[in-house]
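S.K.: The following file, start-v1.csv, comprises CSV, C-alpha atoms and all ligand atoms:
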chain,number,residue,atom,x,y,z
A,833,MET,CA,91.3,102.0,232.8
A,834,GLU,CA,89.2,101.4,229.6
A,835,PRO,CA,85.7,100.3,230.4
A,836,LYS,CA,85.2,96.6,229.6
A,837,ARG,CA,83.7,95.8,226.2
A,838,LYS,CA,80.4,94.1,226.4
A,839,ILE,CA,80.3,90.7,224.7
A,840,SER,CA,78.0,90.3,221.7
A,841,ILE,CA,76.2,87.2,220.3
A,842,ASN,CA,78.7,87.2,217.5
A,843,ASP,CA,81.5,86.9,220.0
A,844,LEU,CA,79.7,84.0,221.7
A,845,ALA,CA,79.3,82.2,218.3
A,846,LYS,CA,83.0,82.8,217.6
A,847,MET,CA,84.0,81.4,221.0
A,848,LYS,CA,82.1,78.2,220.3
A,849,LYS,CA,83.9,77.8,217.0
A,850,GLU,CA,87.3,78.5,218.7
A,851,LYS,CA,86.4,76.2,221.6
A,852,LYS,CA,86.9,79.0,224.1
A,853,PRO,CA,84.7,78.3,227.1
A,854,VAL,CA,82.3,81.0,228.3
A,855,ALA,CA,82.3,81.8,232.0
A,856,TRP,CA,79.1,83.3,233.4
A,857,ILE,CA,77.4,83.6,236.8
A,858,THR,CA,74.2,84.8,238.4
A,859,SER,CA,73.9,88.1,240.2
A,860,TYR,CA,70.8,89.8,241.6
A,861,ASP,CA,71.9,93.0,243.1
A,862,PHE,CA,74.3,96.0,242.8
A,863,PRO,CA,77.3,94.8,244.8
A,864,PHE,CA,77.5,91.2,243.5
A,865,ALA,CA,76.9,92.3,239.9
A,866,TYR,CA,79.8,94.8,240.4
A,867,VAL,CA,81.9,91.9,241.7
A,868,SER,CA,81.0,89.8,238.6
A,869,GLU,CA,82.0,92.6,236.2
A,870,GLN,CA,85.3,93.3,238.1
A,871,ALA,CA,86.1,89.6,238.0
A,872,GLY,CA,85.7,89.6,234.2
A,873,VAL,CA,82.8,87.2,233.6
A,874,ASP,CA,81.5,87.0,230.1
A,875,MET,CA,77.8,87.2,231.0
A,876,ILE,CA,75.5,87.7,234.0
A,877,LEU,CA,72.2,85.9,234.5
A,878,VAL,CA,69.6,87.6,236.8
A,879,GLY,CA,68.1,84.2,237.5
A,880,ASP,CA,64.8,83.5,239.1
A,881,SER,CA,66.9,81.5,241.5
A,882,GLY,CA,67.2,85.0,243.1
A,883,GLY,CA,63.8,84.3,244.5
A,884,MET,CA,65.4,81.6,246.6
A,885,VAL,CA,68.9,82.9,247.3
A,886,GLN,CA,68.0,86.5,247.6
A,887,LEU,CA,64.3,86.7,248.6
A,888,GLY,CA,64.1,83.4,250.7
A,889,TYR,CA,61.4,81.6,248.8
A,890,GLU,CA,61.6,77.8,249.0
A,891,ALA,CA,61.4,77.4,245.2
A,892,THR,CA,61.5,79.7,242.1
A,893,ASN,CA,57.7,79.3,241.4
A,894,PRO,CA,56.5,82.2,243.5
A,895,VAL,CA,58.8,84.8,241.9
A,896,THR,CA,56.9,87.6,240.1
A,897,MET,CA,57.9,89.7,237.1
A,898,ASP,CA,58.0,92.8,239.3
A,899,GLU,CA,60.5,91.1,241.6
A,900,MET,CA,62.6,90.1,238.7
A,901,ILE,CA,62.7,93.6,237.3
A,902,HIS,CA,63.7,95.0,240.7
A,903,LEU,CA,66.6,92.5,240.9
A,904,ALA,CA,67.6,93.1,237.3
A,905,LYS,CA,67.7,96.9,237.6
A,906,ALA,CA,70.0,96.6,240.5
A,907,ALA,CA,72.3,94.1,238.8
A,908,ARG,CA,72.5,96.4,235.7
A,909,LYS,CA,73.7,99.3,237.9
A,910,GLY,CA,76.5,97.1,239.3
A,911,ALA,CA,77.5,95.8,235.9
A,912,PRO,CA,76.9,98.4,233.2
A,913,ASN,CA,79.3,96.8,230.7
A,914,THR,CA,78.5,93.1,231.0
A,915,PHE,CA,76.0,91.1,228.8
A,916,LEU,CA,73.0,90.8,231.2
A,917,ILE,CA,70.3,88.2,230.8
A,918,GLY,CA,66.9,88.5,232.6
A,919,ASP,CA,65.3,85.2,233.5
A,920,MET,CA,61.5,84.9,232.7
A,921,PRO,CA,59.7,83.8,235.9
A,922,GLN,CA,56.9,81.2,235.7
A,923,GLY,CA,53.7,82.9,234.5
A,924,ALA,CA,55.5,85.6,232.5
A,925,TYR,CA,55.4,83.8,229.2
A,926,GLU,CA,53.3,80.7,229.3
A,927,PRO,CA,49.8,82.4,229.0
A,928,GLY,CA,50.4,83.6,225.5
A,929,GLU,CA,52.7,85.2,222.9
A,930,ARG,CA,51.6,88.7,223.8
A,931,ASP,CA,52.4,88.1,227.5
A,932,ALA,CA,55.8,86.7,226.6
A,933,VAL,CA,56.7,89.7,224.4
A,934,LEU,CA,55.5,92.2,226.9
A,935,SER,CA,57.4,90.5,229.8
A,936,ALA,CA,60.6,90.2,227.8
A,937,LEU,CA,60.4,93.9,226.8
A,938,ARG,CA,60.1,94.9,230.4
A,939,PHE,CA,63.5,93.3,231.0
A,940,VAL,CA,65.0,95.2,228.1
A,941,LYS,CA,63.3,98.6,228.6
A,942,GLU,CA,63.0,98.9,232.4
A,943,ALA,CA,66.0,96.9,233.5
A,944,GLY,CA,68.4,97.4,230.6
A,945,CYS,CA,68.9,93.7,229.9
A,946,ASP,CA,70.6,92.5,226.7
A,947,ALA,CA,68.7,89.2,226.5
A,948,ILE,CA,66.2,87.0,228.3
A,949,LYS,CA,66.2,83.3,229.1
A,950,CYS,CA,63.1,81.1,229.4
A,951,GLU,CA,62.5,77.5,230.4
A,952,GLY,CA,61.1,74.9,228.1
A,953,GLY,CA,61.2,73.7,224.5
A,954,ILE,CA,58.4,72.6,222.1
A,955,ARG,CA,55.7,73.4,224.7
A,956,VAL,CA,56.6,77.1,224.7
A,957,ILE,CA,57.9,77.4,221.1
A,958,SER,CA,55.2,79.8,219.9
A,959,LYS,CA,56.1,82.2,222.7
A,960,VAL,CA,59.8,81.9,221.9
A,961,LYS,CA,59.1,82.6,218.3
A,962,ALA,CA,57.0,85.7,219.2
A,963,MET,CA,59.9,87.1,221.4
A,964,VAL,CA,62.5,86.4,218.7
A,965,ASP,CA,60.2,88.1,216.1
A,966,ALA,CA,59.9,91.1,218.3
A,967,GLY,CA,63.7,91.5,218.0
A,968,ILE,CA,64.5,90.2,221.5
A,969,LEU,CA,67.6,88.0,222.1
A,970,VAL,CA,66.3,84.8,223.7
A,971,MET,CA,68.2,82.0,225.4
A,972,GLY,CA,66.6,78.6,225.8
A,973,HIS,CA,66.8,76.4,229.0
A,974,LEU,CA,66.4,72.6,229.0
A,975,GLY,CA,67.3,69.6,231.1
A,976,LEU,CA,66.3,70.2,234.7
A,977,THR,CA,63.9,73.2,234.4
A,978,PRO,CA,63.1,74.1,238.0
A,979,GLN,CA,59.8,75.9,237.2
A,980,SER,CA,58.3,72.7,235.9
A,981,SER,CA,60.4,70.2,237.9
A,982,ALA,CA,57.3,68.8,239.6
A,983,SER,CA,56.2,67.4,236.1
A,984,PHE,CA,59.3,65.2,236.0
A,985,GLY,CA,59.2,64.2,239.7
A,986,GLY,CA,61.4,66.9,241.3
A,987,TYR,CA,65.0,68.0,241.0
A,988,ARG,CA,66.4,65.1,238.9
A,989,VAL,CA,69.3,64.7,236.6
A,990,GLN,CA,68.1,64.7,233.0
A,991,GLY,CA,69.2,63.1,229.7
A,992,LYS,CA,70.4,59.8,231.1
A,993,SER,CA,67.7,57.6,229.5
A,994,VAL,CA,67.2,57.4,225.7
A,995,SER,CA,63.7,58.9,226.0
A,996,SER,CA,64.9,61.9,228.1
A,997,PHE,CA,67.9,62.5,225.9
A,998,GLU,CA,65.9,62.3,222.6
A,999,LYS,CA,63.1,64.6,224.0
A,1000,THR,CA,65.8,67.1,225.0
A,1001,VAL,CA,67.4,67.0,221.5
A,1002,GLU,CA,64.0,67.5,219.9
A,1003,ASP,CA,63.3,70.5,222.2
A,1004,ALA,CA,66.8,71.9,221.5
A,1005,LEU,CA,66.5,71.6,217.7
A,1006,ALA,CA,63.1,73.3,217.9
A,1007,LEU,CA,64.5,76.2,219.9
A,1008,GLU,CA,67.4,76.6,217.5
A,1009,LYS,CA,65.0,76.7,214.6
A,1010,ALA,CA,62.9,79.3,216.4
A,1011,GLY,CA,65.9,81.5,216.6
A,1012,VAL,CA,67.3,81.4,220.1
A,1013,PHE,CA,70.9,82.6,220.2
A,1014,ALA,CA,72.1,80.0,222.8
A,1015,LEU,CA,70.9,77.2,225.0
A,1016,LEU,CA,71.5,76.4,228.6
A,1017,LEU,CA,71.3,72.8,229.8
A,1018,GLU,CA,70.9,72.1,233.5
A,1019,ALA,CA,71.8,68.9,235.4
A,1020,MET,CA,72.8,66.4,232.8
A,1021,PRO,CA,75.9,64.1,232.5
A,1022,SER,CA,78.7,65.4,230.3
A,1023,GLU,CA,78.2,62.9,227.4
A,1024,PRO,CA,74.5,63.6,226.5
A,1025,ALA,CA,75.0,67.4,227.1
A,1026,GLY,CA,78.2,67.3,224.9
A,1027,GLN,CA,76.2,65.5,222.1
A,1028,ILE,CA,73.6,68.3,222.2
A,1029,ALA,CA,76.4,70.9,222.0
A,1030,LYS,CA,77.8,69.1,218.9
A,1031,LEU,CA,74.4,68.8,217.2
A,1032,LEU,CA,73.5,72.5,217.6
A,1033,LYS,CA,75.2,75.4,215.7
A,1034,ILE,CA,74.4,77.8,218.5
A,1035,PRO,CA,76.4,77.8,221.8
A,1036,VAL,CA,75.2,75.4,224.4
A,1037,TYR,CA,76.1,76.2,228.0
A,1038,GLY,CA,75.8,74.1,231.1
A,1039,ILE,CA,75.0,74.4,234.8
A,1040,GLY,CA,75.7,70.9,236.2
A,1041,ALA,CA,75.9,69.7,232.6
A,1042,GLY,CA,79.5,68.5,232.7
A,1043,THR,CA,82.7,69.2,230.7
A,1044,MET,CA,81.7,68.9,227.0
A,1045,VAL,CA,79.5,72.1,226.6
A,1046,ASP,CA,80.5,75.5,225.3
A,1047,GLY,CA,80.7,77.3,228.7
A,1048,GLN,CA,79.6,77.2,232.4
A,1049,LEU,CA,77.1,79.0,234.5
A,1050,ILE,CA,77.2,79.0,238.3
A,1051,ILE,CA,75.0,80.5,241.0
A,1052,MET,CA,76.9,83.4,242.7
A,1053,HIS,CA,75.7,82.3,246.2
A,1054,ASP,CA,77.1,78.8,245.7
A,1055,THR,CA,80.6,80.2,244.8
A,1056,MET,CA,80.5,82.1,248.1
A,1057,GLY,CA,78.9,79.5,250.3
A,1058,PHE,CA,76.3,82.1,251.0
A,1059,TYR,CA,73.0,80.1,250.8
A,1060,HIS,CA,72.5,77.8,253.7
A,1061,PRO,CA,69.4,75.8,252.8
A,1062,PHE,CA,70.9,73.9,249.8
A,1063,ARG,CA,73.9,73.7,247.4
A,1064,PRO,CA,73.7,71.5,244.3
A,1065,TRP,CA,76.3,68.7,244.2
A,1066,PHE,CA,77.7,70.2,240.9
A,1067,ALA,CA,78.4,73.7,242.4
A,1068,LYS,CA,81.7,74.7,243.9
A,1069,CYS,CA,82.4,77.1,246.8
A,1070,TYR,CA,85.5,79.0,245.9
A,1071,ILE,CA,86.2,80.7,249.2
A,1072,PRO,CA,88.6,78.0,250.5
A,1073,ASP,CA,90.7,78.4,247.3
A,1074,VAL,CA,91.2,82.2,247.7
A,1075,ILE,CA,91.1,82.7,251.5
A,1076,SER,CA,94.9,82.8,251.9
A,1077,GLU,CA,95.4,85.2,249.0
A,1078,PHE,CA,92.7,87.4,250.6
A,1079,GLN,CA,94.4,87.2,254.1
A,1080,LYS,CA,97.7,88.3,252.4
A,1081,TYR,CA,96.0,91.2,250.7
A,1082,ILE,CA,94.2,92.4,253.8
A,1083,SER,CA,97.3,92.0,256.0
A,1084,ASN,CA,99.1,94.5,253.8
A,1085,ILE,CA,96.5,97.2,254.7
A,1086,THR,CA,97.5,98.9,257.9
A,1087,ASP,CA,94.3,101.0,258.4
A,1088,LEU,CA,91.1,99.9,256.7
A,1089,ARG,CA,89.6,103.3,257.2
A,1090,LYS,CA,92.2,104.6,254.7
A,1091,VAL,CA,91.3,102.3,251.9
A,1092,GLY,CA,90.3,104.3,248.7
A,1093,LYS,CA,88.5,107.6,249.0
A,1094,ASP,CA,86.6,107.1,245.7
A,1095,GLU,CA,86.5,103.3,245.7
A,1096,ARG,CA,86.5,101.1,248.8
A,1097,LYS,CA,88.3,97.9,247.9
A,1098,ASP,CA,88.5,95.8,251.1
A,1099,GLY,CA,86.6,93.2,253.0
A,1100,LEU,CA,83.9,91.0,251.4
A,1101,LEU,CA,84.1,92.9,248.0
A,1102,VAL,CA,87.8,91.8,247.5
A,1103,LEU,CA,87.2,88.3,248.8
A,1104,ALA,CA,84.1,87.8,246.6
A,1105,THR,CA,86.0,89.2,243.5
A,1106,MET,CA,88.9,86.8,244.1
A,1107,ALA,CA,86.5,83.9,244.3
A,1108,VAL,CA,84.7,84.8,241.1
A,1109,GLN,CA,88.0,85.5,239.4
A,1110,LYS,CA,89.1,82.0,240.4
A,1111,TYR,CA,85.9,80.5,239.0
A,1112,VAL,CA,86.4,82.4,235.7
A,1113,GLU,CA,90.1,81.2,235.5
A,1114,GLU,CA,89.0,77.5,236.2
A,1115,VAL,CA,86.3,77.6,233.5
A,1116,ARG,CA,88.7,79.2,230.9
A,1117,ASN,CA,91.4,76.6,231.7
A,1118,GLU,CA,88.8,73.8,231.6
A,1119,LYS,CA,89.5,72.9,235.2
A,1120,PHE,CA,86.0,73.5,236.3
A,1121,PRO,CA,83.7,71.5,236.4
A,1122,GLY,CA,86.0,68.6,235.7
A,1123,THR,CA,84.7,65.1,236.6
A,1124,GLU,CA,84.6,66.2,240.3
A,1125,TYR,CA,81.6,68.6,239.7
A,1126,SER,CA,79.9,66.6,236.9
A,1127,TYR,CA,77.3,63.9,237.0
A,1128,PRO,CA,78.5,60.5,236.1
A,1129,ILE,CA,76.6,58.2,233.8
A,1130,PRO,CA,76.6,54.5,234.3
A,1131,ALA,CA,78.4,52.6,231.4
A,1132,GLU,CA,75.2,50.6,230.6
A,1133,ASP,CA,73.1,53.8,230.2
A,1134,LEU,CA,75.8,55.4,228.0
A,1135,LYS,CA,75.8,52.3,225.7
A,1136,LEU,CA,72.1,52.7,225.2
A,1137,LEU,CA,72.4,56.4,224.5
A,1138,GLU,CA,75.1,55.7,221.9
A,1139,LYS,CA,72.5,53.8,219.9
A,1140,SER,CA,70.2,56.8,219.7
A,1141,LYS,CA,69.4,58.3,216.2
A,1142,PHE,CA,70.7,61.6,217.5
A,1143,TRP,CA,74.2,60.3,218.6
A,1144,LYS,CA,76.9,61.7,216.4
B,1,LIG,O1,67.4,81.0,237.9
B,1,LIG,C1,68.5,80.6,237.6
B,1,LIG,O2,69.6,81.0,238.2
B,1,LIG,C2,68.6,79.6,236.6
B,1,LIG,C3,69.8,78.6,236.7
B,1,LIG,C4,69.6,77.7,237.8
B,1,LIG,C5,69.9,77.9,235.4
B,1,LIG,O3,67.7,79.5,235.8
Using the file provided, produce a representation of the structure as structure tokens.
M.R.:
Amino acid sequence: MEPKRKISINDLAKMKKEKKPVAWITSYDFPFAYVSEQAGVDMILVGDSGGMVQLGYEATNPVTMDEMIHLAKAARKGAPNTFLIGDMPQGAYEPGERDAVLSALRFVKEAGCDAIKCEGGIRVISKVKAMVDAGILVMGHLGLTPQSSASFGGYRVQGKSVSSFEKTVEDALALEKAGVFALLLEAMPSEPAGQIAKLLKIPVYGIGAGTMVDGQLIIMHDTMGFYHPFRPWFAKCYIPDVISEFQKYISNITDLRKVGKDERKDGLLVLATMAVQKYVEEVRNEKFPGTEYSYPIPAEDLKLLEKSKFWK
């Protein structure tokens, strides 16, 4: 089989133009990154959410750069041919432009990442510019930004009020001007997120940001039902959708010890790949997130947003 061709930022820009939704997922280790690549995702994020789902922290704030490099290196080994994005943990970029560039370069040089993502807009714009000027591909992240969620009162849906929407648009425009290749919006209703996707030329993706953006991200452990402390309301566990297909597959194998001498394709690896494939299929067919996995916006709030100077 031909190795998969890694997507480029030109492909991503083309997919936005052609309205082809991008399907991406987080992975933090060798086996699940392998699953992601086999399932045909467009991109993988080594998120600092790995600090929670993989390392057991209660939030993403304690995650260090060394821990992120450890996770990203393993993910790269599992998915050598997939566009891999390293997530800058808190403290890796805020102190100054030089810190931001050096941290980002660690993702590229030590872990083999293709790009980095960092949270924040205007408040971190000088650091974003410095990384872009250093030739690093940078993705922005706005909306609910977990590293600074305490500053807006915890994990709350964003972009519902005129002030929150306009602040997000101003941050998004500043990031686009600074040269980010794409933007991720987290936890916003479809309509304001869709407006931002329309206003920006670069691709705008969502995690819990509804149906009108240019692609979807999901946390791997949520698709598997593999993280017991918490699952956001917008995330879907895909195991129930694929369990009967998996049972059929496994029942056709008479002796599991005889599965593949070079490649073992049974058990959790197959089940997980089926689940991620289903997610990719649903994103590409625009079935996920649908209204079921999107935040609603009250009609009176939407009416106010429609009067914003940024509403197209
Ligand atoms: O760390 C992560 O996985 C993220 C997503 C929640 C957007 O940043």
S.K.: With the cut-off set at 10 Å and counting all atoms listed in the file, tabulate each residue of chain A with an atom at most that distance from an atom of ligand LIG 1 (chain B), showing the nearest atom pair and its distance in Å to one decimal, ordered by chain and increasing number, as a tab-separated table.
M.R.:
residue	atom	partner	partner_atom	distance
A:Ile857	CA	B:LIG1	O2	8.3
A:Thr858	CA	B:LIG1	O2	6.0
A:Ser859	CA	B:LIG1	O2	8.5
A:Tyr860	CA	B:LIG1	O2	9.5
A:Ile876	CA	B:LIG1	O2	9.9
A:Leu877	CA	B:LIG1	O2	6.7
A:Val878	CA	B:LIG1	O2	6.7
A:Gly879	CA	B:LIG1	O1	3.3
A:Asp880	CA	B:LIG1	O1	3.8
A:Ser881	CA	B:LIG1	O1	3.7
A:Gly882	CA	B:LIG1	O1	6.6
A:Gly883	CA	B:LIG1	O1	8.2
A:Met884	CA	B:LIG1	O1	8.9
A:Val885	CA	B:LIG1	O2	9.3
A:Thr892	CA	B:LIG1	O1	7.4
A:Gly918	CA	B:LIG1	O1	9.2
A:Asp919	CA	B:LIG1	O1	6.4
A:Met920	CA	B:LIG1	O1	8.8
A:Pro921	CA	B:LIG1	O1	8.4
A:Lys949	CA	B:LIG1	O3	7.8
A:Cys950	CA	B:LIG1	O3	8.0
A:Glu951	CA	B:LIG1	O3	7.8
A:His973	CA	B:LIG1	C5	7.3
A:Leu974	CA	B:LIG1	C5	9.0
A:Gly975	CA	B:LIG1	C5	9.7
A:Leu976	CA	B:LIG1	C5	8.5
A:Thr977	CA	B:LIG1	O3	7.5
A:Pro978	CA	B:LIG1	O3	7.4
A:Gln979	CA	B:LIG1	O3	8.8
A:Leu1016	CA	B:LIG1	C5	7.1
A:Leu1017	CA	B:LIG1	C5	7.7
A:Glu1018	CA	B:LIG1	C5	6.2
A:Ala1019	CA	B:LIG1	C5	9.2
A:Tyr1037	CA	B:LIG1	C5	9.8
A:Gly1038	CA	B:LIG1	C5	8.2
A:Ile1039	CA	B:LIG1	C5	6.2
A:Gly1040	CA	B:LIG1	C5	9.1
A:Leu1049	CA	B:LIG1	C5	7.3
A:Ile1050	CA	B:LIG1	C3	7.6
A:Ile1051	CA	B:LIG1	O2	6.1
A:Met1052	CA	B:LIG1	O2	8.9
A:Pro1064	CA	B:LIG1	C4	9.9
S.K.: Could you check the closest approach to A:Trp1143 for each of A:Lys1080, A:Lys1030, A:Arg837, A:His902 and tell me which residue wins, using all atoms listed in the file?
M.R.: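 Looking only at the distances to A:Trp1143, the closest residue turns out to be A:Lys1030.
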S.K.: Give me, please, the distance in Å between atom CA of A:Glu1124 and atom CA of A:Met1106, quoted to one decimal.
M.R.: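 Here the two named atoms are 21.4 Å from each other.
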S.K.: Please report the interatomic distance between atom CA of A:Glu1113 and atom CA of A:Val1074 in Å with one decimal.
M.R.: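 That distance, rounded to one decimal, is 12.3 Å.
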S.K.: Using all atoms listed in the file, find the one residue out of A:His1060, A:Arg930, A:Lys1139, A:Lys1119 that sits nearest to A:Gly1042.
M.R.: A:Lys1119
S.K.: For a quick check of understanding, using all atoms listed in the file, which of A:Pro1021, A:Gly991, A:Gly944, A:Gly923 has the smallest distance to A:Ile1129?
M.R.: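 Closest residue, counting all atoms listed in the file: A:Pro1021.
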S.K.: Just the residues within 9 Å of A:Phe1013, please, counting all atoms listed in the file, with nothing from its chain fewer than 6 positions along; format it as a VMD selection string.
M.R.: chain A and resid 841 845 969 to 972 1034 to 1035
S.K.: Please, could you write that set of residues out with C-alpha atoms as a CSV table (one decimal), keeping the file's coordinate frame?
M.R.:
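So the final result, stored in result11.csv, reads:
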chain,number,residue,atom,x,y,z
A,841,ILE,CA,76.2,87.2,220.3
A,845,ALA,CA,79.3,82.2,218.3
A,969,LEU,CA,67.6,88.0,222.1
A,970,VAL,CA,66.3,84.8,223.7
A,971,MET,CA,68.2,82.0,225.4
A,972,GLY,CA,66.6,78.6,225.8
A,1034,ILE,CA,74.4,77.8,218.5
A,1035,PRO,CA,76.4,77.8,221.8
